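**Q** Got a structure for you, entry_3.cif, holding mmCIF, C-alpha atoms and all ligand atoms.
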data_query
loop_
_atom_site.label_atom_id
_atom_site.label_comp_id
_atom_site.auth_asym_id
_atom_site.auth_seq_id
_atom_site.Cartn_x
_atom_site.Cartn_y
_atom_site.Cartn_z
CA MET A 1 -0.31 17.60 46.22
CA SER A 2 1.34 19.36 43.31
CA ARG A 3 0.57 18.39 39.77
CA GLU A 4 1.99 15.00 38.90
CA ILE A 5 2.36 13.03 35.71
CA VAL A 6 0.18 10.01 36.22
CA CYS A 7 0.18 6.92 34.04
CA SER A 8 -1.80 3.75 34.20
CA GLY A 9 -2.49 0.85 31.91
CA ILE A 10 -5.83 -0.85 31.68
CA ARG A 11 -6.14 -4.49 30.75
CA PRO A 12 -8.70 -4.90 27.95
CA THR A 13 -10.64 -7.64 29.67
CA GLY A 14 -14.35 -7.41 29.09
CA ASN A 15 -16.97 -5.51 31.00
CA LEU A 16 -16.46 -3.32 34.02
CA HIS A 17 -18.34 -4.11 37.19
CA LEU A 18 -19.24 -2.12 40.27
CA GLY A 19 -16.05 -3.28 42.00
CA ASN A 20 -13.93 -1.78 39.20
CA TYR A 21 -15.91 1.41 39.42
CA PHE A 22 -15.48 1.92 43.15
CA GLY A 23 -11.87 0.76 42.89
CA ALA A 24 -9.63 2.43 40.36
CA LEU A 25 -12.12 3.87 37.90
CA ARG A 26 -13.79 6.49 40.08
CA ASN A 27 -10.37 7.59 41.27
CA PHE A 28 -9.08 7.95 37.72
CA VAL A 29 -12.01 10.26 37.08
CA LYS A 30 -10.99 12.38 40.08
CA MET A 31 -7.30 12.35 39.21
CA GLN A 32 -7.79 13.74 35.73
CA GLU A 33 -8.91 17.01 37.33
CA ALA A 34 -5.73 17.56 39.31
CA HIS A 35 -2.94 15.86 37.36
CA ASP A 36 -1.59 15.21 33.87
CA CYS A 37 -2.99 11.76 33.33
CA PHE A 38 -2.12 9.19 30.71
CA PHE A 39 -4.50 6.26 30.65
CA PHE A 40 -4.00 3.64 27.99
CA ILE A 41 -5.48 0.32 27.06
CA ALA A 42 -2.72 -2.27 27.29
CA ASP A 43 -3.34 -4.06 24.00
CA TYR A 44 0.33 -4.95 23.44
CA HIS A 45 0.55 -6.68 26.79
CA SER A 46 -2.43 -8.85 25.79
CA LEU A 47 -0.22 -10.79 23.39
CA THR A 48 1.89 -12.18 26.24
CA THR A 49 -1.00 -14.45 27.15
CA HIS A 50 -3.10 -14.40 23.94
CA PRO A 51 -0.72 -14.35 20.97
CA THR A 52 -3.51 -14.62 18.39
CA PRO A 53 -6.42 -12.81 20.05
CA ASP A 54 -9.92 -12.67 18.66
CA ASN A 55 -11.41 -9.21 18.47
CA LEU A 56 -8.35 -7.35 19.71
CA TYR A 57 -9.63 -4.00 18.52
CA ASN A 58 -13.21 -4.62 19.63
CA ASN A 59 -12.12 -5.50 23.14
CA ALA A 60 -10.03 -2.37 23.38
CA ARG A 61 -12.90 -0.32 22.01
CA GLN A 62 -15.36 -1.83 24.47
CA ILE A 63 -13.12 -0.96 27.41
CA LEU A 64 -12.67 2.53 26.06
CA VAL A 65 -16.43 2.98 25.83
CA GLN A 66 -16.88 1.90 29.42
CA TYR A 67 -14.15 4.16 30.77
CA LEU A 68 -15.60 7.10 28.89
CA ALA A 69 -19.07 6.23 30.15
CA ALA A 70 -17.72 6.24 33.69
CA GLY A 71 -16.37 9.73 33.29
CA LEU A 72 -12.88 9.67 31.83
CA ASP A 73 -12.62 12.82 29.78
CA PRO A 74 -10.46 12.85 26.66
CA ASP A 75 -10.07 16.64 26.96
CA LYS A 76 -8.67 16.33 30.47
CA ALA A 77 -6.71 13.09 30.41
CA THR A 78 -4.75 11.53 27.57
CA ILE A 79 -6.61 8.35 26.77
CA TYR A 80 -5.09 6.12 24.13
CA LEU A 81 -4.40 2.65 22.89
CA GLN A 82 -0.97 1.31 23.78
CA SER A 83 -0.63 0.02 20.21
CA ASP A 84 -1.07 3.58 18.93
CA LEU A 85 2.19 4.55 20.60
CA PRO A 86 5.03 2.58 19.00
CA GLU A 87 7.57 4.86 20.75
CA THR A 88 6.83 2.65 23.72
CA VAL A 89 8.27 -0.28 21.81
CA GLU A 90 11.49 1.56 21.09
CA LEU A 91 11.94 2.36 24.76
CA TYR A 92 11.09 -1.26 25.57
CA LEU A 93 13.96 -2.33 23.34
CA PHE A 94 16.39 -0.04 25.17
CA PHE A 95 15.24 -1.28 28.57
CA ASN A 96 15.53 -4.89 27.41
CA MET A 97 19.18 -4.31 26.52
CA ASN A 98 19.85 -3.56 30.16
CA ALA A 99 17.48 -5.98 31.83
CA TYR A 100 18.98 -9.18 33.15
CA LEU A 101 17.59 -12.65 32.79
CA GLY A 102 17.96 -13.39 36.49
CA GLU A 103 15.97 -10.41 37.70
CA LEU A 104 13.23 -10.98 35.12
CA GLU A 105 12.93 -14.64 36.03
CA ARG A 106 12.47 -13.76 39.69
CA VAL A 107 9.34 -11.66 39.09
CA THR A 108 6.32 -13.23 40.80
CA SER A 109 3.90 -12.59 37.94
CA PHE A 110 6.33 -14.33 35.54
CA LYS A 111 6.62 -17.36 37.79
CA ASP A 112 2.81 -17.50 38.03
CA LYS A 113 2.47 -17.38 34.26
CA VAL A 114 5.07 -20.11 33.81
CA ARG A 115 2.86 -22.27 35.99
CA GLN A 116 -0.34 -21.22 34.20
CA GLN A 117 0.89 -21.53 30.62
CA PRO A 118 3.89 -23.91 30.63
CA ASN A 119 3.62 -24.37 26.87
CA ASN A 120 3.92 -20.67 26.11
CA VAL A 121 6.72 -19.23 28.21
CA ASN A 122 7.59 -16.57 25.66
CA ALA A 123 10.04 -13.69 25.84
CA GLY A 124 7.16 -11.19 25.97
CA LEU A 125 6.05 -12.76 29.19
CA LEU A 126 9.57 -12.58 30.58
CA THR A 127 9.89 -8.94 29.57
CA TYR A 128 6.42 -7.88 30.71
CA PRO A 129 8.07 -5.61 33.33
CA THR A 130 10.29 -3.85 30.79
CA LEU A 131 7.28 -3.11 28.59
CA MET A 132 5.40 -1.81 31.60
CA ALA A 133 8.41 0.34 32.54
CA ALA A 134 8.43 1.70 28.99
CA ASP A 135 4.69 2.50 29.22
CA ILE A 136 5.28 4.56 32.33
CA LEU A 137 8.62 6.15 31.58
CA ILE A 138 7.82 7.13 28.01
CA HIS A 139 5.81 9.93 29.66
CA LYS A 140 8.23 10.37 32.57
CA ALA A 141 5.33 9.61 34.87
CA THR A 142 5.90 10.15 38.57
CA LYS A 143 2.80 8.45 39.91
CA VAL A 144 1.25 5.15 38.95
CA PRO A 145 -2.14 4.24 40.39
CA VAL A 146 -1.95 0.47 40.69
CA GLY A 147 -2.98 -2.19 43.13
CA LYS A 148 -0.77 -4.29 45.38
CA ASP A 149 -0.33 -6.93 42.68
CA GLN A 150 1.59 -4.44 40.53
CA GLU A 151 4.01 -3.19 43.17
CA GLN A 152 6.80 -5.49 42.11
CA HIS A 153 6.44 -4.32 38.51
CA LEU A 154 6.67 -0.75 39.69
CA GLU A 155 9.77 -1.57 41.70
CA MET A 156 11.30 -2.97 38.49
CA THR A 157 10.32 0.24 36.69
CA ARG A 158 12.38 2.20 39.22
CA THR A 159 15.23 -0.25 38.78
CA PHE A 160 15.24 0.20 34.99
CA ALA A 161 14.88 3.98 35.24
CA ASN A 162 17.69 4.27 37.73
CA ARG A 163 19.92 1.93 35.78
CA PHE A 164 19.35 3.87 32.58
CA ASN A 165 20.15 7.17 34.28
CA ASN A 166 23.35 5.73 35.73
CA MET A 167 24.49 3.97 32.57
CA TYR A 168 24.04 6.94 30.29
CA LYS A 169 24.95 9.49 32.96
CA HIS A 170 21.84 11.64 32.52
CA GLU A 171 18.87 12.07 34.81
CA VAL A 172 16.43 11.23 32.05
CA PHE A 173 13.84 9.36 34.08
CA PRO A 174 12.10 10.01 37.38
CA LEU A 175 11.59 7.10 39.77
CA PRO A 176 7.81 6.65 39.72
CA GLN A 177 5.93 5.82 42.87
CA ALA A 178 2.64 4.04 43.45
CA PHE A 179 -0.33 6.32 43.82
CA ASN A 180 -2.22 5.11 46.79
CA PHE A 181 -5.94 5.83 46.89
CA GLY A 182 -6.08 4.94 50.55
CA SER A 183 -9.57 5.36 51.95
CA ASP A 184 -10.93 6.33 48.51
CA LEU A 185 -10.76 2.69 47.53
CA VAL A 186 -14.10 1.18 48.42
CA LYS A 187 -14.02 -2.58 48.45
CA ILE A 188 -17.17 -3.91 46.85
CA PRO A 189 -18.25 -7.41 47.82
CA GLY A 190 -19.72 -9.87 45.36
CA LEU A 191 -23.16 -11.47 45.48
CA ASP A 192 -22.02 -15.00 46.27
CA GLY A 193 -21.50 -14.41 49.97
CA SER A 194 -17.74 -14.57 49.83
CA GLY A 195 -15.12 -11.96 49.08
CA LYS A 196 -14.85 -9.18 46.62
CA MET A 197 -16.78 -8.59 43.45
CA GLY A 198 -15.04 -10.09 40.47
CA LYS A 199 -15.91 -11.82 37.26
CA SER A 200 -13.63 -14.78 37.88
CA GLU A 201 -16.09 -15.84 40.57
CA GLY A 202 -18.76 -16.24 37.89
CA GLU A 203 -21.10 -13.93 36.02
CA MET A 204 -23.69 -14.04 38.80
CA ASN A 205 -21.28 -12.61 41.35
CA ALA A 206 -20.81 -9.22 39.76
CA ILE A 207 -23.03 -6.33 38.70
CA PHE A 208 -21.68 -4.95 35.44
CA LEU A 209 -22.09 -1.31 34.49
CA ASN A 210 -23.88 -2.37 31.33
CA ASP A 211 -26.15 -4.99 32.90
CA ASP A 212 -29.77 -4.38 32.04
CA PRO A 213 -32.35 -4.05 34.80
CA ALA A 214 -33.56 -7.63 34.32
CA ALA A 215 -30.06 -9.01 34.78
CA ILE A 216 -29.51 -6.87 37.86
CA LYS A 217 -32.76 -8.09 39.32
CA LYS A 218 -31.97 -11.71 38.63
CA LYS A 219 -28.53 -11.49 40.19
CA ILE A 220 -29.61 -9.66 43.30
CA MET A 221 -32.67 -11.81 43.92
CA LYS A 222 -30.41 -14.87 43.75
CA ALA A 223 -27.77 -13.47 46.07
CA LYS A 224 -26.96 -15.65 49.02
CA THR A 225 -28.71 -14.96 52.34
CA ASP A 226 -29.18 -16.85 55.59
CA LEU A 227 -32.34 -17.73 57.53
CA GLY A 228 -32.43 -14.36 59.24
CA PRO A 229 -31.40 -13.01 62.63
CA THR A 230 -32.68 -14.74 65.73
CA GLU A 231 -31.31 -12.41 68.39
CA MET A 232 -31.60 -8.67 68.72
CA ASN A 233 -28.58 -6.67 67.46
CA GLN A 234 -26.83 -9.79 66.33
CA GLU A 235 -23.74 -9.47 64.17
CA LYS A 236 -24.43 -9.88 60.46
CA PRO A 237 -23.02 -12.92 58.72
CA VAL A 238 -20.78 -12.03 55.82
CA GLU A 239 -23.33 -12.55 53.00
CA ILE A 240 -25.81 -10.22 54.73
CA ALA A 241 -23.13 -7.65 55.55
CA ASN A 242 -22.25 -7.74 51.85
CA LEU A 243 -25.80 -6.86 50.83
CA PHE A 244 -25.75 -3.96 53.28
CA THR A 245 -22.44 -2.76 51.83
CA LEU A 246 -23.91 -2.83 48.34
CA LEU A 247 -26.96 -0.96 49.59
CA SER A 248 -24.75 1.64 51.22
CA VAL A 249 -23.07 2.52 47.92
CA VAL A 250 -26.23 2.86 45.84
CA SER A 251 -28.91 3.92 48.34
CA THR A 252 -29.44 6.80 50.73
CA PRO A 253 -28.17 6.58 54.33
CA ASP A 254 -31.82 6.62 55.46
CA THR A 255 -32.59 3.50 53.49
CA VAL A 256 -29.60 1.70 54.94
CA ALA A 257 -30.55 2.79 58.45
CA TYR A 258 -34.11 1.59 57.89
CA PHE A 259 -33.06 -1.96 56.97
CA ASP A 260 -30.34 -1.98 59.59
CA ASP A 261 -32.93 -1.22 62.22
CA LEU A 262 -35.22 -3.99 60.94
CA TYR A 263 -32.31 -6.39 61.05
CA ASN A 264 -31.44 -5.42 64.61
CA ARG A 265 -35.03 -5.99 65.67
CA CYS A 266 -35.14 -9.36 63.86
CA GLN A 267 -37.92 -8.09 61.62
CA ILE A 268 -36.07 -7.89 58.37
CA ARG A 269 -37.41 -9.61 55.29
CA TYR A 270 -34.56 -10.20 52.90
CA GLY A 271 -36.94 -10.11 49.95
CA ASP A 272 -37.75 -6.49 50.77
CA LEU A 273 -34.12 -5.60 51.23
CA LYS A 274 -33.30 -7.15 47.88
CA LYS A 275 -36.15 -5.39 46.13
CA GLN A 276 -34.89 -2.09 47.43
CA LEU A 277 -31.35 -2.98 46.39
CA VAL A 278 -32.52 -3.87 42.88
CA GLU A 279 -34.39 -0.58 42.58
CA ASP A 280 -31.48 1.55 43.76
CA MET A 281 -28.91 -0.44 41.81
CA VAL A 282 -30.89 -0.02 38.61
CA LYS A 283 -31.12 3.71 39.30
CA PHE A 284 -27.43 3.98 40.09
CA THR A 285 -26.31 2.16 36.95
CA GLN A 286 -28.81 3.85 34.64
CA PRO A 287 -26.51 6.68 33.48
CA PHE A 288 -23.70 4.20 32.74
CA ARG A 289 -25.99 1.98 30.72
CA GLU A 290 -27.27 4.91 28.70
CA ARG A 291 -23.84 6.36 28.08
CA ILE A 292 -22.43 2.96 27.11
CA ALA A 293 -25.24 2.40 24.59
CA GLU A 294 -24.79 5.88 23.18
CA LEU A 295 -21.01 5.68 22.84
CA SER A 296 -20.99 2.13 21.47
CA SER A 297 -22.92 3.19 18.42
CA ASP A 298 -20.92 6.35 17.79
CA GLU A 299 -17.95 5.01 15.87
CA SER A 300 -16.92 8.39 14.55
CA TYR A 301 -16.76 9.90 18.03
CA LEU A 302 -14.72 6.94 19.30
CA ARG A 303 -12.33 7.30 16.39
CA ARG A 304 -11.93 10.96 17.22
CA VAL A 305 -11.22 10.19 20.88
CA MET A 306 -8.64 7.59 19.87
CA ASP A 307 -6.98 9.91 17.37
CA GLN A 308 -6.87 12.72 19.88
CA GLY A 309 -5.34 10.42 22.51
CA LYS A 310 -2.82 9.10 20.05
CA GLU A 311 -1.79 12.62 19.10
CA LYS A 312 -1.37 13.78 22.70
CA ALA A 313 0.45 10.62 23.77
CA HIS A 314 2.74 10.86 20.78
CA GLU A 315 3.60 14.45 21.63
CA SER A 316 4.75 13.41 25.10
CA ALA A 317 6.50 10.22 23.93
CA ARG A 318 8.39 11.87 21.12
CA ARG A 319 10.15 14.24 23.50
CA THR A 320 11.28 11.39 25.72
CA ILE A 321 12.43 9.15 22.92
CA GLU A 322 14.47 11.96 21.33
CA GLU A 323 16.22 12.56 24.61
CA VAL A 324 16.80 8.84 25.11
CA ARG A 325 18.28 8.40 21.63
CA HIS A 326 20.46 11.41 22.22
CA VAL A 327 21.92 10.25 25.53
CA ILE A 328 22.56 6.76 24.19
CA GLY A 329 24.35 8.33 21.26
CA TYR A 330 22.23 7.71 18.19
CA ARG A 331 22.11 10.14 15.30
CA ASN A 332 19.39 12.71 15.68
N1 LIG B 1 0.23 -4.68 34.46
C1 LIG B 1 -0.95 -3.89 34.64
C2 LIG B 1 -2.09 -4.81 35.11
O1 LIG B 1 -2.01 -6.00 34.95
C3 LIG B 1 -1.37 -3.21 33.37
C4 LIG B 1 -0.32 -2.26 32.92
C5 LIG B 1 0.43 -2.37 31.79
C6 LIG B 1 0.05 -1.06 33.57
N2 LIG B 1 1.26 -1.30 31.69
C7 LIG B 1 1.07 -0.48 32.77
C8 LIG B 1 -0.36 -0.43 34.75
C9 LIG B 1 1.68 0.72 33.14
C10 LIG B 1 0.26 0.75 35.12
C11 LIG B 1 1.25 1.31 34.31
O2 LIG B 1 -3.07 -4.34 35.62
#
Just dump the structure as structure tokens.
Ligand code: TRP
**A**
Amino acid sequence: MSREIVCSGIRPTGNLHLGNYFGALRNFVKMQEAHDCFFFIADYHSLTTHPTPDNLYNNARQILVQYLAAGLDPDKATIYLQSDLPETVELYLFFNMNAYLGELERVTSFKDKVRQQPNNVNAGLLTYPTLMAADILIHKATKVPVGKDQEQHLEMTRTFANRFNNMYKHEVFPLPQAFNFGSDLVKIPGLDGSGKMGKSEGEMNAIFLNDDPAAIKKKIMKAKTDLGPTEMNQEKPVEIANLFTLLSVVSTPDTVAYFDDLYNRCQIRYGDLKKQLVEDMVKFTQPFRERIAELSSDESYLRRVMDQGKEKAHESARRTIEEVRHVIGYRN
């Protein structure tokens, strides 16, 4: 694929877990090698649900630390805080002028939020898609790596881009497409024997990149298992299959094959499997833990990363906003 302009927003919501890592995060790290990437922490969007947040900056900083620890490189990608790029807000205003109440009200995420927070159905919530369009189009991004849940927002982004181009009779904006990771997206199961790893299922369900070895041990040893196989080569129930999946991402193929064979011969002891999983999980997460600890205490480095990101993002945004102001007809 030729070089693309890639843009993605990251919600500043707490600690990253293994599921995040094997989902988007690891792919962001790969993408920064081949494309012009803009990754930002969506700390404006936070206000749509939390108008008076506690620790706004600290949450953003914590997420930044974890993305850097996982391998995002400020010299390769442009990594910045959304709130450091007020040009976004100007573009948001222009998109809002041409966004219609009906289409905004029909957005699924808006309808969900109306149900979730009936006492705070604010205009920011309604215009979430125009802000997201501004985030993306301020850099004229062509590719947006997002999950299924964001596809409708991306569709709206194309609508606003296309409408702007038509209204002002200039091809200012590209029509950005979803960047699909396809088979590079590894779905990581949680420890509770159900579906995917996530923190909404409870702290015990997820392994966080900054969990200490004791926490990892506790979580894995408590993971759900069954009474064990009773027939040779029997299919694994979902909670056992989950443990094998986790093992397969942090252990060697030999180790997986070893326990698989024991399972198939009905000789597996889950305690042993778990011990191995703890050991390999601790090893796997070790570099993240160290890097997170290191970065967290290096305020001056973090400031430098943020300033550098702000500078680079501004450079890109300024060009777009000048063009936008020009085609609308403002003084320049
Ligand atoms: N809406 C995205 C989410 O909930 C976050 C986001 C905000 C975003 N602006 C964006 C993602 C721009 C991609 C591009 O995950």
**Q** Taking into account only C-alpha atoms, which residue in the set A:Thr78, A:Ser300, A:Thr245, A:Asn210 is nearest to Val186 in chain A?
**A** A:Thr245
**Q** Of the residues A:Phe160, A:Tyr21, A:Tyr92, A:Phe259, which is the one nearest to Ile321 in chain A, using all atoms listed in the file?
**A** A:Tyr92
**Q** Have a look at A:Leu16, A:Leu93, A:Leu47, A:Leu262 and name the one nearest to Gly124 in chain A; count all atoms listed in the file.
**A**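 With all atoms listed in the file as the atom set, the closest residue is A:Leu47.
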**Q** To check your reading of the model: which residues sit at most 9 Å from ligand LIG 1 (chain B) when counting all atoms listed in the file? Write the answer as JSON, numbers by chain.
**A** {"A": [6, 7, 8, 9, 10, 11, 39, 40, 41, 42, 43, 44, 45, 82, 128, 129, 131, 132, 133, 134, 135, 136, 137, 144, 145, 146, 147, 149, 150, 153, 154]}
**Q** Rank A:Lys140, A:Asp192, A:Phe208, A:Asp75 by their smallest atom-to-atom distance to Ile292 in chain A, using only C-alpha atoms, and report the top residue only.
**A**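 Closest candidate: A:Phe208.
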**Q** Any idea what's packed within 12 Å of Glu90 in chain A, counting all atoms listed in the file, ignoring anything in its chain fewer than 4 positions away? Could you give it as a PyMOL selection string?
**A** chain A and resi 85-86+94-97+130-131+133-135+137-138+317-318+320-322+324-325
**Q** Separation of CA of His314 in chain A and CA of Thr142 in chain A, in Å?
**A** 18.1 Å
**Q** Nearest to Met156 in chain A among A:Glu4, A:Asp112, A:Glu239, A:Glu103, with distances taken over only C-alpha atoms: which residue is it?
**A**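 Going through A:Glu4, A:Asp112, A:Glu239, A:Glu103 one by one, the smallest distance to Met156 in chain A is for A:Glu103.
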**Q** List as a ChimeraX atom specification the residues having at least one atom at most 12 Å from position (-10.7, -5.2, 22.4) as given in the file, counting all atoms listed in the file.
**A** /A:10-15,41-44,46-47,53-66,81-83
**Q** Separation of CA of Gly19 in chain A and CA of Gly195 in chain A, in Å?
**A**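 CA of Gly195 in chain A lies at a distance of 11.2 Å from CA of Gly19 in chain A.
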**Q** Pick the closest to Gly190 in chain A from A:Phe244, A:Tyr263, A:Phe38, A:Phe284: which is it, counting all atoms listed in the file?
**A**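 The closest residue to Gly190 in chain A is A:Phe244.
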**Q** Could you name the residues that touch Ile5 in chain A at 7 Å or less, counting all atoms listed in the file, but leaving out those on the same chain fewer than 5 positions away, as an MDAnalysis selection string?
**A** chainID A and resid 35:37 141:143
**Q** What's around Leu68 in chain A at 10 Å? Count only C-alpha atoms, leave out sequence neighbours fewer than 6 positions away in its own chain, and write the answer as number ranges by chain.
**A** A: 29, 62, 74, 79, 288, 291-292, 295, 302, 305
**Q** Have a look at CA of Val114 in chain A and CA of Thr49 in chain A and let me know their distance in Å, one decimal.
**A** 10.6 Å
**Q** Excluding Val250 in chain A and residues on its chain fewer than 4 positions from it, collect all residues at most 8 Å away from it, counting only C-alpha atoms, and give them as a PyMOL selection string.
**A** chain A and resi 246+277+280-281+284
